[in-house]
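entry.pdb follows (PDB, C-alpha atoms):
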```pdb
ATOM      1  CA  MET A 103     -12.302   9.603  13.026  1.00  0.00           C
ATOM      2  CA  ASN A 104     -10.588  10.883   9.916  1.00  0.00           C
ATOM      3  CA  GLY A 105      -9.897   8.901   6.762  1.00  0.00           C
ATOM      4  CA  ALA A 106      -6.235   8.348   7.582  1.00  0.00           C
ATOM      5  CA  GLU A 107      -7.007   6.670  10.907  1.00  0.00           C
ATOM      6  CA  ALA A 108      -9.826   4.582   9.398  1.00  0.00           C
ATOM      7  CA  LEU A 109      -7.470   3.412   6.657  1.00  0.00           C
ATOM      8  CA  LEU A 110      -4.696   2.462   9.072  1.00  0.00           C
ATOM      9  CA  ARG A 111      -7.101   0.648  11.395  1.00  0.00           C
ATOM     10  CA  THR A 112      -8.325  -1.298   8.357  1.00  0.00           C
ATOM     11  CA  LEU A 113      -4.765  -2.208   7.380  1.00  0.00           C
ATOM     12  CA  ALA A 114      -3.998  -3.328  10.939  1.00  0.00           C
ATOM     13  CA  ALA A 115      -7.132  -5.504  11.022  1.00  0.00           C
ATOM     14  CA  GLY A 116      -5.958  -7.025   7.737  1.00  0.00           C
ATOM     15  CA  GLY A 117      -2.628  -8.115   9.211  1.00  0.00           C
ATOM     16  CA  VAL A 118      -0.382  -5.184   8.312  1.00  0.00           C
ATOM     17  CA  ASP A 119       1.875  -4.507  11.292  1.00  0.00           C
ATOM     18  CA  LEU A 120       4.770  -2.600   9.690  1.00  0.00           C
ATOM     19  CA  MET A 121       4.736   0.541   7.574  1.00  0.00           C
ATOM     20  CA  LEU A 122       7.954   1.753   5.994  1.00  0.00           C
ATOM     21  CA  THR A 123       7.644   5.453   5.291  1.00  0.00           C
ATOM     22  CA  ASN A 124       9.174   8.334   3.407  1.00  0.00           C
ATOM     23  CA  PRO A 125       6.329  10.843   3.672  1.00  0.00           C
ATOM     24  CA  GLY A 126       5.960  14.471   2.718  1.00  0.00           C
ATOM     25  CA  THR A 127       3.402  17.189   3.368  1.00  0.00           C
ATOM     26  CA  SER A 128       0.481  15.499   1.605  1.00  0.00           C
ATOM     27  CA  GLU A 129       0.846  12.462   3.909  1.00  0.00           C
ATOM     28  CA  MET A 130       0.919  14.267   7.257  1.00  0.00           C
ATOM     29  CA  TYR A 131      -2.524  13.030   8.302  1.00  0.00           C
ATOM     30  CA  LEU A 132      -1.348   9.459   7.748  1.00  0.00           C
ATOM     31  CA  VAL A 133       1.784  10.157   9.800  1.00  0.00           C
ATOM     32  CA  GLU A 134      -0.374  11.602  12.567  1.00  0.00           C
ATOM     33  CA  ALA A 135      -2.703   8.588  12.438  1.00  0.00           C
ATOM     34  CA  LEU A 136       0.261   6.250  12.958  1.00  0.00           C
ATOM     35  CA  GLU A 137       0.440   7.657  16.506  1.00  0.00           C
ATOM     36  CA  GLN A 138      -3.156   6.537  17.106  1.00  0.00           C
ATOM     37  CA  VAL A 139      -2.915   3.115  15.460  1.00  0.00           C
ATOM     38  CA  THR A 140      -0.248   1.448  17.565  1.00  0.00           C
ATOM     39  CA  ALA A 141      -0.821  -1.961  15.966  1.00  0.00           C
ATOM     40  CA  ILE A 142       1.222  -0.710  13.006  1.00  0.00           C
ATOM     41  CA  ARG A 143       4.879   0.020  13.661  1.00  0.00           C
ATOM     42  CA  PRO A 144       6.052   2.967  11.551  1.00  0.00           C
ATOM     43  CA  VAL A 145       9.660   3.073  10.368  1.00  0.00           C
ATOM     44  CA  LEU A 146      10.924   6.283   8.800  1.00  0.00           C
ATOM     45  CA  THR A 147      13.438   5.683   6.011  1.00  0.00           C
ATOM     46  CA  LEU A 148      15.832   8.185   4.507  1.00  0.00           C
ATOM     47  CA  CYS A 149      14.903   7.444   0.911  1.00  0.00           C
ATOM     48  CA  GLU A 150      12.275   5.546  -1.030  1.00  0.00           C
ATOM     49  CA  THR A 151      14.677   2.841  -2.248  1.00  0.00           C
ATOM     50  CA  VAL A 152      15.366   1.855   1.362  1.00  0.00           C
ATOM     51  CA  CYS A 153      11.634   1.941   2.083  1.00  0.00           C
ATOM     52  CA  SER A 154      10.720  -0.351  -0.819  1.00  0.00           C
ATOM     53  CA  GLY A 155      13.673  -2.697  -0.288  1.00  0.00           C
ATOM     54  CA  ALA A 156      12.874  -3.098   3.400  1.00  0.00           C
ATOM     55  CA  ALA A 157       9.182  -3.721   2.618  1.00  0.00           C
ATOM     56  CA  ASP A 158      10.193  -6.410   0.137  1.00  0.00           C
ATOM     57  CA  GLY A 159      12.483  -8.112   2.650  1.00  0.00           C
ATOM     58  CA  TYR A 160      10.004  -7.899   5.512  1.00  0.00           C
ATOM     59  CA  ALA A 161       7.154  -9.361   3.471  1.00  0.00           C
ATOM     60  CA  ARG A 162       9.362 -12.195   2.216  1.00  0.00           C
ATOM     61  CA  MET A 163      10.462 -13.095   5.737  1.00  0.00           C
ATOM     62  CA  SER A 164       7.132 -12.676   7.511  1.00  0.00           C
ATOM     63  CA  GLY A 165       4.805 -13.972   4.808  1.00  0.00           C
ATOM     64  CA  ARG A 166       2.514 -10.975   5.470  1.00  0.00           C
ATOM     65  CA  PRO A 167       2.048  -7.843   3.414  1.00  0.00           C
ATOM     66  CA  ALA A 168       4.290  -4.969   4.360  1.00  0.00           C
ATOM     67  CA  ALA A 169       3.048  -1.439   3.764  1.00  0.00           C
ATOM     68  CA  THR A 170       4.880   1.563   2.386  1.00  0.00           C
ATOM     69  CA  LEU A 171       4.036   5.262   2.453  1.00  0.00           C
ATOM     70  CA  PHE A 172       5.433   7.404  -0.365  1.00  0.00           C
ATOM     71  CA  HIS A 173       5.287  11.138  -1.064  1.00  0.00           C
ATOM     72  CA  LEU A 174       3.313  11.559  -4.261  1.00  0.00           C
ATOM     73  CA  GLY A 175       4.199  10.009  -7.609  1.00  0.00           C
ATOM     74  CA  PRO A 176       7.871  11.074  -7.567  1.00  0.00           C
ATOM     75  CA  GLY A 177       8.330   9.206  -4.274  1.00  0.00           C
ATOM     76  CA  LEU A 178       6.820   6.070  -5.800  1.00  0.00           C
ATOM     77  CA  ALA A 179       9.017   6.501  -8.875  1.00  0.00           C
ATOM     78  CA  ASN A 180      12.119   6.551  -6.661  1.00  0.00           C
ATOM     79  CA  ALA A 181      11.096   3.162  -5.230  1.00  0.00           C
ATOM     80  CA  LEU A 182      10.515   1.354  -8.527  1.00  0.00           C
ATOM     81  CA  ALA A 183      13.772  -0.634  -8.744  1.00  0.00           C
ATOM     82  CA  ASN A 184      13.076  -2.571  -5.545  1.00  0.00           C
ATOM     83  CA  LEU A 185       9.368  -2.824  -6.310  1.00  0.00           C
ATOM     84  CA  HIS A 186      10.331  -4.417  -9.623  1.00  0.00           C
ATOM     85  CA  ASN A 187      12.253  -7.103  -7.727  1.00  0.00           C
ATOM     86  CA  ALA A 188       9.327  -7.627  -5.351  1.00  0.00           C
ATOM     87  CA  ARG A 189       6.906  -7.957  -8.264  1.00  0.00           C
ATOM     88  CA  ARG A 190       9.075 -10.600  -9.929  1.00  0.00           C
ATOM     89  CA  ALA A 191       9.221 -12.542  -6.639  1.00  0.00           C
ATOM     90  CA  GLN A 192       5.434 -12.197  -6.129  1.00  0.00           C
ATOM     91  CA  VAL A 193       5.853 -10.413  -2.795  1.00  0.00           C
ATOM     92  CA  PRO A 194       2.738  -8.954  -1.116  1.00  0.00           C
ATOM     93  CA  ILE A 195       3.189  -5.218  -0.556  1.00  0.00           C
ATOM     94  CA  VAL A 196       0.608  -2.467  -0.040  1.00  0.00           C
ATOM     95  CA  ASN A 197       1.911   0.868  -1.342  1.00  0.00           C
ATOM     96  CA  LEU A 198       0.175   3.974  -0.064  1.00  0.00           C
ATOM     97  CA  VAL A 199       0.980   6.975  -2.232  1.00  0.00           C
ATOM     98  CA  GLY A 200      -0.069  10.429  -1.143  1.00  0.00           C
ATOM     99  CA  ASP A 201      -1.632  12.718  -3.702  1.00  0.00           C
ATOM    100  CA  HIS A 202      -2.784  16.310  -3.865  1.00  0.00           C
ATOM    101  CA  ALA A 203      -6.282  17.132  -2.640  1.00  0.00           C
ATOM    102  CA  THR A 204      -8.889  16.258  -5.255  1.00  0.00           C
ATOM    103  CA  TRP A 205      -9.835  19.913  -5.752  1.00  0.00           C
ATOM    104  CA  HIS A 206      -6.170  20.955  -6.155  1.00  0.00           C
ATOM    105  CA  VAL A 207      -5.192  18.526  -8.933  1.00  0.00           C
ATOM    106  CA  ALA A 208      -6.762  20.743 -11.627  1.00  0.00           C
ATOM    107  CA  ASN A 209      -4.166  23.434 -10.795  1.00  0.00           C
ATOM    108  CA  ASP A 210      -1.305  21.145 -11.947  1.00  0.00           C
ATOM    109  CA  PRO A 211       0.786  21.552  -8.773  1.00  0.00           C
ATOM    110  CA  PRO A 212       4.571  21.111  -9.108  1.00  0.00           C
ATOM    111  CA  LEU A 213       4.696  17.476  -7.933  1.00  0.00           C
ATOM    112  CA  ALA A 214       1.595  16.338  -9.834  1.00  0.00           C
ATOM    113  CA  SER A 215       2.339  13.156 -11.765  1.00  0.00           C
ATOM    114  CA  ASP A 216       0.853  10.044 -13.291  1.00  0.00           C
ATOM    115  CA  ILE A 217       0.806   7.812 -10.188  1.00  0.00           C
ATOM    116  CA  HIS A 218      -0.978   5.012 -12.056  1.00  0.00           C
ATOM    117  CA  GLY A 219       1.636   5.171 -14.825  1.00  0.00           C
ATOM    118  CA  TYR A 220       4.466   4.761 -12.328  1.00  0.00           C
ATOM    119  CA  ALA A 221       2.623   2.049 -10.395  1.00  0.00           C
ATOM    120  CA  ARG A 222       1.846   0.065 -13.552  1.00  0.00           C
ATOM    121  CA  GLN A 223       5.552  -0.870 -13.730  1.00  0.00           C
ATOM    122  CA  SER A 224       5.347  -3.038 -10.619  1.00  0.00           C
ATOM    123  CA  SER A 225       1.809  -3.304  -9.283  1.00  0.00           C
ATOM    124  CA  GLY A 226      -0.774  -5.951 -10.014  1.00  0.00           C
ATOM    125  CA  TRP A 227      -3.524  -3.769  -8.510  1.00  0.00           C
ATOM    126  CA  ILE A 228      -3.768   0.041  -8.717  1.00  0.00           C
ATOM    127  CA  HIS A 229      -6.506   2.312  -7.449  1.00  0.00           C
ATOM    128  CA  THR A 230      -7.108   5.935  -6.431  1.00  0.00           C
ATOM    129  CA  THR A 231      -9.499   6.734  -3.603  1.00  0.00           C
ATOM    130  CA  ARG A 232     -12.110   9.126  -5.005  1.00  0.00           C
ATOM    131  CA  THR A 233     -14.014  10.207  -1.874  1.00  0.00           C
ATOM    132  CA  PRO A 234     -13.311  10.143   1.868  1.00  0.00           C
ATOM    133  CA  GLY A 235     -16.059   7.585   2.432  1.00  0.00           C
ATOM    134  CA  GLU A 236     -14.228   5.072   0.207  1.00  0.00           C
ATOM    135  CA  ILE A 237     -10.810   5.222   1.864  1.00  0.00           C
ATOM    136  CA  ALA A 238     -11.202   2.352   4.372  1.00  0.00           C
ATOM    137  CA  ARG A 239     -12.939   0.126   1.828  1.00  0.00           C
ATOM    138  CA  ASP A 240     -10.165   0.847  -0.681  1.00  0.00           C
ATOM    139  CA  GLY A 241      -7.581  -0.078   1.958  1.00  0.00           C
ATOM    140  CA  ALA A 242      -9.327  -3.411   2.550  1.00  0.00           C
ATOM    141  CA  ALA A 243      -9.361  -4.032  -1.208  1.00  0.00           C
ATOM    142  CA  ALA A 244      -5.619  -3.287  -1.380  1.00  0.00           C
ATOM    143  CA  ILE A 245      -4.876  -5.869   1.312  1.00  0.00           C
ATOM    144  CA  VAL A 246      -7.006  -8.485  -0.431  1.00  0.00           C
ATOM    145  CA  ALA A 247      -5.258  -7.722  -3.725  1.00  0.00           C
ATOM    146  CA  ALA A 248      -1.761  -7.956  -2.193  1.00  0.00           C
ATOM    147  CA  ARG A 249      -2.585 -11.311  -0.593  1.00  0.00           C
ATOM    148  CA  MET A 250      -4.034 -12.873  -3.762  1.00  0.00           C
ATOM    149  CA  PRO A 251      -2.002 -16.017  -4.294  1.00  0.00           C
ATOM    150  CA  PRO A 252       0.843 -16.126  -4.948  1.00  0.00           C
ATOM    151  CA  GLY A 253       1.199 -12.459  -3.865  1.00  0.00           C
ATOM    152  CA  GLN A 254       1.434  -9.118  -5.624  1.00  0.00           C
ATOM    153  CA  ILE A 255       1.934  -5.416  -5.113  1.00  0.00           C
ATOM    154  CA  ALA A 256      -1.156  -3.287  -4.544  1.00  0.00           C
ATOM    155  CA  THR A 257      -0.824   0.486  -4.908  1.00  0.00           C
ATOM    156  CA  LEU A 258      -3.400   2.891  -3.493  1.00  0.00           C
ATOM    157  CA  ALA A 259      -3.202   6.619  -4.274  1.00  0.00           C
ATOM    158  CA  LEU A 260      -4.641   8.776  -1.492  1.00  0.00           C
ATOM    159  CA  PRO A 261      -5.735  12.359  -2.135  1.00  0.00           C
ATOM    160  CA  ALA A 262      -4.948  14.441   0.940  1.00  0.00           C
ATOM    161  CA  ASP A 263      -8.548  15.561   1.457  1.00  0.00           C
ATOM    162  CA  CYS A 264      -9.631  11.904   1.717  1.00  0.00           C
ATOM    163  CA  THR A 265      -7.206  11.429   4.614  1.00  0.00           C
ATOM    164  CA  TRP A 266      -8.179  14.507   6.632  1.00  0.00           C
ATOM    165  CA  SER A 267     -11.957  14.273   6.167  1.00  0.00           C
ATOM    166  CA  GLN A 268     -14.203  12.638   8.753  1.00  0.00           C
ATOM    167  CA  VAL A 269     -15.454   9.130   7.899  1.00  0.00           C
ATOM    168  CA  ASP A 270     -17.539   6.419   9.560  1.00  0.00           C
ATOM    169  CA  GLY A 271     -14.640   4.151  10.541  1.00  0.00           C
ATOM    170  CA  PRO A 272     -12.547   1.204   9.402  1.00  0.00           C
ATOM    171  CA  ALA A 273     -13.691  -1.419   6.922  1.00  0.00           C
ATOM    172  CA  THR A 274     -13.832  -5.164   7.371  1.00  0.00           C
ATOM    173  CA  VAL A 275     -11.077  -7.080   5.622  1.00  0.00           C
ATOM    174  CA  PRO A 276     -12.074 -10.484   4.255  1.00  0.00           C
ATOM    175  CA  ALA A 277      -9.987 -13.516   5.144  1.00  0.00           C
ATOM    176  CA  PRO A 278      -7.117 -14.155   2.754  1.00  0.00           C
ATOM    177  CA  PRO A 279      -7.940 -16.441  -0.149  1.00  0.00           C
ATOM    178  CA  PRO A 280      -6.573 -19.958   0.282  1.00  0.00           C
ATOM    179  CA  ARG A 281      -3.451 -20.931  -1.588  1.00  0.00           C
ATOM    180  CA  ALA A 282      -3.845 -23.668  -4.129  1.00  0.00           C
ATOM    181  CA  CYS A 283      -2.434 -26.998  -3.008  1.00  0.00           C
ATOM    182  CA  ALA A 284      -1.008 -29.739  -5.168  1.00  0.00           C
ATOM    183  CA  GLY A 285      -3.228 -32.782  -5.463  1.00  0.00           C
ATOM    184  CA  GLN A 286      -2.157 -36.125  -4.063  1.00  0.00           C
ATOM    185  CA  ASP A 287      -1.617 -37.519  -7.583  1.00  0.00           C
ATOM    186  CA  ALA A 288       0.864 -34.728  -8.379  1.00  0.00           C
ATOM    187  CA  ILE A 289       2.699 -35.332  -5.099  1.00  0.00           C
ATOM    188  CA  ASP A 290       2.866 -39.079  -5.807  1.00  0.00           C
ATOM    189  CA  ASP A 291       4.181 -38.414  -9.325  1.00  0.00           C
ATOM    190  CA  CYS A 292       6.908 -36.127  -7.956  1.00  0.00           C
ATOM    191  CA  ALA A 293       7.877 -38.648  -5.294  1.00  0.00           C
ATOM    192  CA  ALA A 294       8.082 -41.418  -7.895  1.00  0.00           C
ATOM    193  CA  ALA A 295      10.241 -39.233 -10.162  1.00  0.00           C
ATOM    194  CA  LEU A 296      12.660 -38.569  -7.318  1.00  0.00           C
TER
END
```
Mind converting the file's structure to structure tokens?
Amino acid sequence: MNGAEALLRTLAAGGVDLMLTNPGTSEMYLVEALEQVTAIRPVLTLCETVCSGAADGYARMSGRPAATLFHLGPGLANALANLHNARRAQVPIVNLVGDHATWHVANDPPLASDIHGYARQSSGWIHTTRTPGEIARDGAAAIVAARMPPGQIATLALPADCTWSQVDGPATVPAPPPRACAGQDAIDDCAAAL
């Protein structure tokens, strides 16, 4: 199985069932893998602002992380306004951002950009997959990060060669961390104040 399929199977095992997409050429292996991983429903959007706004709304309503798929750094940059709102509301979102193949980045291709710089505006967790063998594990880490109470945006940059290369398979996703609960004394104090 290639890295794209292993990543998507990991996301599905971690509770992601919707991916809002606005992909380009560097994300084609992820698009192809969406046909194999039927547990995730892909929704193609016409622009990144719709993609990020819909992910925000879905995650708020469902209580589960939504996933997005953006074309390189410029695609992520186009989504930042809605991701800002999601960050302020502590909404769990996993952003997947395609990137050029690791060996191609040195050539400064036309759409090369500072993905981490863009992501820093809205994401609590940012990472770039470095090798194909890390892609599923990085996807599991992104889900865990997005679900950290009270919720945050996790952005994972995916070099194209990491998605098309053969890998061992999906990674295990740990159970979500428990949310903190108010103690009985705090509840009693609130009730008395009311």
Given the PyMOL selection byres ((chain A and resi 162) around 10), the residues it picks as a ChimeraX atom specification: /A:156-161,163-168,188,191-195
d(atom CA of A:Asn187, atom CA of A:Gly241) in Å: 23.2 Å
Selection result for the PyMOL selection byres ((chain A and resi 124) around 7) on this file, as JSON, numbers by chain: {"A": [123, 125, 126, 146, 147, 148, 149, 150, 153, 171, 172, 173]}
Nearby residues (all atoms listed in the file) at most 10 Å from stretch 265-281 of chain A, same-chain spacing under 5 positions excluded, as a PyMOL selection string: chain A and resi 103-117+128-132+135+200+203+231+233-253+260
Straight-line distance linking atom CA of A:His206 with atom CA of A:Ala183, stated in Å to one decimal: 29.5 Å
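The closest residue to A:Pro176, picked from A:Ser215, A:Gln286, A:Thr127, A:Thr257 and counting only C-alpha atoms, is A:Ser215.
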The PyMOL selection byres ((chain A and resi 175) around 7) applied to the shown file, residues as a CSV table (one decimal) with C-alpha atoms, in the frame of the given file:
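Once written, expr_24.csv looks like this:
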```csv
chain,number,residue,atom,x,y,z
A,173,HIS,CA,5.3,11.1,-1.1
A,174,LEU,CA,3.3,11.6,-4.3
A,176,PRO,CA,7.9,11.1,-7.6
A,177,GLY,CA,8.3,9.2,-4.3
A,178,LEU,CA,6.8,6.1,-5.8
A,179,ALA,CA,9.0,6.5,-8.9
A,199,VAL,CA,1.0,7.0,-2.2
A,215,SER,CA,2.3,13.2,-11.8
A,216,ASP,CA,0.9,10.0,-13.3
A,217,ILE,CA,0.8,7.8,-10.2
```
A:Thr170 surroundings by all atoms listed in the file, 6 Å radius, close-in-sequence under 4 positions cut, as a PyMOL selection string: chain A and resi 121-123+197-198
Separation of atom CA of A:Leu258 from atom CA of A:Val196 in Å: 7.5 Å
Test item: which residues lie within 7 Å of (2.0, -0.6, 9.8) counting all atoms listed in the file, as a list of chain:residue names: A:Ala114, A:Val118, A:Asp119, A:Leu120, A:Met121, A:Ala141, A:Ile142, A:Arg143, A:Pro144, A:Ala169
Proximity to A:Asp263 - best of A:His202, A:Ala214, A:Asp291, A:Val133, all atoms listed in the file: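 Closest residue, counting all atoms listed in the file: A:His202.
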Pick from A:Cys283, A:His229, A:Tyr220, A:Ala181, whichever lies nearest to A:Thr151 using only C-alpha atoms: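 Looking only at the distances to A:Thr151, the closest residue turns out to be A:Ala181.
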Counting all atoms listed in the file, the option among A:Asp201, A:Asn184, A:Leu296, A:Gln138 closest to A:Leu213: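 Closest residue, counting all atoms listed in the file: A:Asp201.
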Contact residues around A:Ser224 with all atoms listed in the file at 6 Å, ignoring same-chain residues under 5 positions, as a PyMOL selection string: chain A and resi 185-186+189
Quick one: what's the axis-aligned box for stretch 106-117 of chain A, all listed atoms, 3 Å on every side, centre and edges in Å to one decimal, as JSON?
```
{"center_x": -6.2, "center_y": 0.1, "center_z": 9.0, "size_x": 13.2, "size_y": 22.5, "size_z": 10.7}
```
